[in-house]
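J.: One structure, as structure tokens, below. Some questions next.
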Amino acid sequence: LTALRDENLEVRKMAVSVFDRMTEIGQMDALPQLRQLAEDQQLPPETREFASATITRLDPQIRIPRLMRELNSTNSRTRAQAAWKLGCMGRHAESAVPAVTALLSDPDRIVRSNAASAIGMFGPAAADSIDELMEAFEDQNSALREKIAFALGEIGPPAKPAIPDLIDMLESQATELRVSAAEALWKIDRRSDLAVPVLRNASNNPRGLQQRERAAGILEQIHLGADNETTAELLE
């Protein structure tokens with residue numbers, strides 16, 4: 001954002017381009033600086049206008065109430081999109097966690113899936129949603145179960161009650177479910193004894209390039225975060 005104050009127009013244009021490619025949470029984190037830019041009369045008009053327009057677009061006090069209303073829409077696509085958009089706001093939309101969690105029991109599978117993804121993006125702020133996530137594990141839709149594992153992993157240690165369900169998921173026939181469960185077990189309780197063998201097997205699987213690369217990436221993260229001899233030995 002410092003570049004938006006530059007005297008060179010091309011530098012300012014480049015700064016706008018870079019900002020537009022930032023994640024939504026990153027953009028929202030920048031709201032205090034954007035407000036300073038919008039009020040700085042020493043800056044070029046186009047810079048202040050960009051800051052003001054971006055503030056209007058991102059302001060959670062405007063967006064969250066509207067999206068919360070859309071969660072109750074009779075249109076399933078609207079509900080699904082609203083849940084996803086709230087999730088993309090991360091910790092800035094913590095007040096929406098209960099309403100999004102309620103959609104785990106929505107009749108539409110895409111709405112349920114987006115709700116689980118959003119809960120994961122809320123991270124530890126969604127710890128109160130663990131019981132509902134565990135109940136949703138009974139759903140046999142594999143895409144939803146994968147998203148639930150993701151959400152539990154992002155919530156972290158508070159999700160330890162879900163460990164038995166995740167261990168059961170390690171026996172799934174679907175590689176993506178086994179990988180998701182292994183990743184969640186590592187994030188929740190550093191269960192390298194359970195995660196590493198599953199991930200290593202998936203990373204060596206000649207079929208399924210996407211899951212092979214994903215498993216290899218998670219193994220690298222475990223390697224970087226290894227903090228005991230057992231984990232180090234498993235990774236050798």
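Every chain in the structure tokens takes a letter, A first, then B, and so on in the order presented; its residues are numbered from 1, and the ligands are numbered from 1 following the presented order.
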Please identify all polymer residues within 12 Å of Asp29 in chain A, counting only C-alpha atoms, omitting same-chain residues fewer than 3 positions from it, and present them as a PyMOL selection string.

T.: chain A and resi 1+19+22-26+32-35+55+58-60+89-92

J.: For the contact check between range 128-162 of chain A and range 189-206 of chain A, emit one row per residue of range 128-162 of chain A within 10 Å, containing the shortest atom pair and the distance in Å rounded to one decimal, counting only C-alpha atoms, chain then rising number order, as JSON lines.

T.:
{"residue": "A:Gly153", "atom": "CA", "partner": "A:Asp189", "partner_atom": "CA", "distance": 9.2}
{"residue": "A:Gly156", "atom": "CA", "partner": "A:Asp189", "partner_atom": "CA", "distance": 7.7}
{"residue": "A:Pro157", "atom": "CA", "partner": "A:Asp189", "partner_atom": "CA", "distance": 6.1}
{"residue": "A:Pro158", "atom": "CA", "partner": "A:Asp189", "partner_atom": "CA", "distance": 9.4}
{"residue": "A:Ala159", "atom": "CA", "partner": "A:Asp189", "partner_atom": "CA", "distance": 8.9}
{"residue": "A:Lys160", "atom": "CA", "partner": "A:Asp189", "partner_atom": "CA", "distance": 7.0}

J.: Could you write out the selected residues, including N, CA, C and O atoms, as an mmCIF file, in the first residue's frame?

T.:
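Heads up, here's the output in again-v1.cif:
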data_model
loop_
_atom_site.group_PDB
_atom_site.id
_atom_site.type_symbol
_atom_site.label_atom_id
_atom_site.label_comp_id
_atom_site.auth_asym_id
_atom_site.auth_seq_id
_atom_site.Cartn_x
_atom_site.Cartn_y
_atom_site.Cartn_z
ATOM 1 N N GLY A 153 -9.337 -29.830 10.577
ATOM 2 C CA GLY A 153 -7.905 -29.567 10.610
ATOM 3 C C GLY A 153 -7.593 -28.097 10.802
ATOM 4 O O GLY A 153 -6.660 -27.734 11.537
ATOM 5 N N GLY A 156 -8.056 -27.031 14.351
ATOM 6 C CA GLY A 156 -6.871 -27.393 15.115
ATOM 7 C C GLY A 156 -7.153 -28.184 16.383
ATOM 8 O O GLY A 156 -8.139 -28.935 16.457
ATOM 9 N N PRO A 157 -6.315 -28.045 17.400
ATOM 10 C CA PRO A 157 -6.416 -28.849 18.624
ATOM 11 C C PRO A 157 -7.793 -28.940 19.264
ATOM 12 O O PRO A 157 -8.142 -29.996 19.807
ATOM 13 N N PRO A 158 -8.619 -27.889 19.231
ATOM 14 C CA PRO A 158 -9.954 -28.042 19.834
ATOM 15 C C PRO A 158 -10.783 -29.155 19.190
ATOM 16 O O PRO A 158 -11.777 -29.608 19.774
ATOM 17 N N ALA A 159 -10.383 -29.598 17.987
ATOM 18 C CA ALA A 159 -11.142 -30.625 17.270
ATOM 19 C C ALA A 159 -10.720 -32.040 17.645
ATOM 20 O O ALA A 159 -11.099 -33.004 16.962
ATOM 21 N N LYS A 160 -9.979 -32.218 18.729
ATOM 22 C CA LYS A 160 -9.527 -33.558 19.130
ATOM 23 C C LYS A 160 -10.663 -34.568 19.304
ATOM 24 O O LYS A 160 -10.464 -35.766 19.036
#

J.: For CA of Ala116 in chain A and CA of Lys147 in chain A, quote the distance in Å rounded to one decimal.

T.: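 Distance reported for this atom pair: 5.6 Å.
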
J.: DSSP on the backbone, helix (DSSP H, G or I) only: what residues of range 126-187 of chain A does that give? Format it as a PyMOL selection string.

T.: chain A and resi 126-136+142-155+157-169+175-187

J.: Find the spatial neighbours of Gly120 in chain A, counting only C-alpha atoms, within a cut-off of 9 Å - ignore same-chain residues fewer than 2 positions away - and output them as a PyMOL selection string.

T.: chain A and resi 87+90+115-118+122-124+126+147-155

J.: Calculated over only C-alpha atoms, which of the candidates A:Asp168, A:Asp6, A:Glu49, A:Asp40 has the smallest distance to Ala181 in chain A?

T.: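 Of the candidates, the smallest distance to Ala181 in chain A is held by A:Asp168.
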
J.: Which residues are near Asp106 in chain A? Cut-off 10 Å, only C-alpha atoms, ignore same chain within fewer than 5 positions. Put them as a count of residues only.

T.: 8

J.: Smallest atom-to-atom distance to Ala96 in chain A: which of A:Leu209, A:Ala30, A:Ile188, A:Leu71, using only C-alpha atoms?

T.: A:Leu71

J.: Residues within 8 Å of Ala136 in chain A, please, as a count of residues only. Count only C-alpha atoms; anything in the same chain fewer than 6 positions from it doesn't count.

T.: 4

J.: In terms of the shortest atom-to-atom distance over only C-alpha atoms, which of A:Leu37, A:Cys88, A:Leu185, A:Leu31 is closest to Leu4 in chain A?

T.: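 Between A:Leu37, A:Cys88, A:Leu185, A:Leu31, the residue approaching Leu4 in chain A most closely is A:Leu37.
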
J.: What does the distance between CA of Met14 in chain A and CA of Ser52 in chain A come to in Å, to one decimal place?

T.: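 Computed distance, CA of Met14 in chain A to CA of Ser52 in chain A, equals 17.9 Å.
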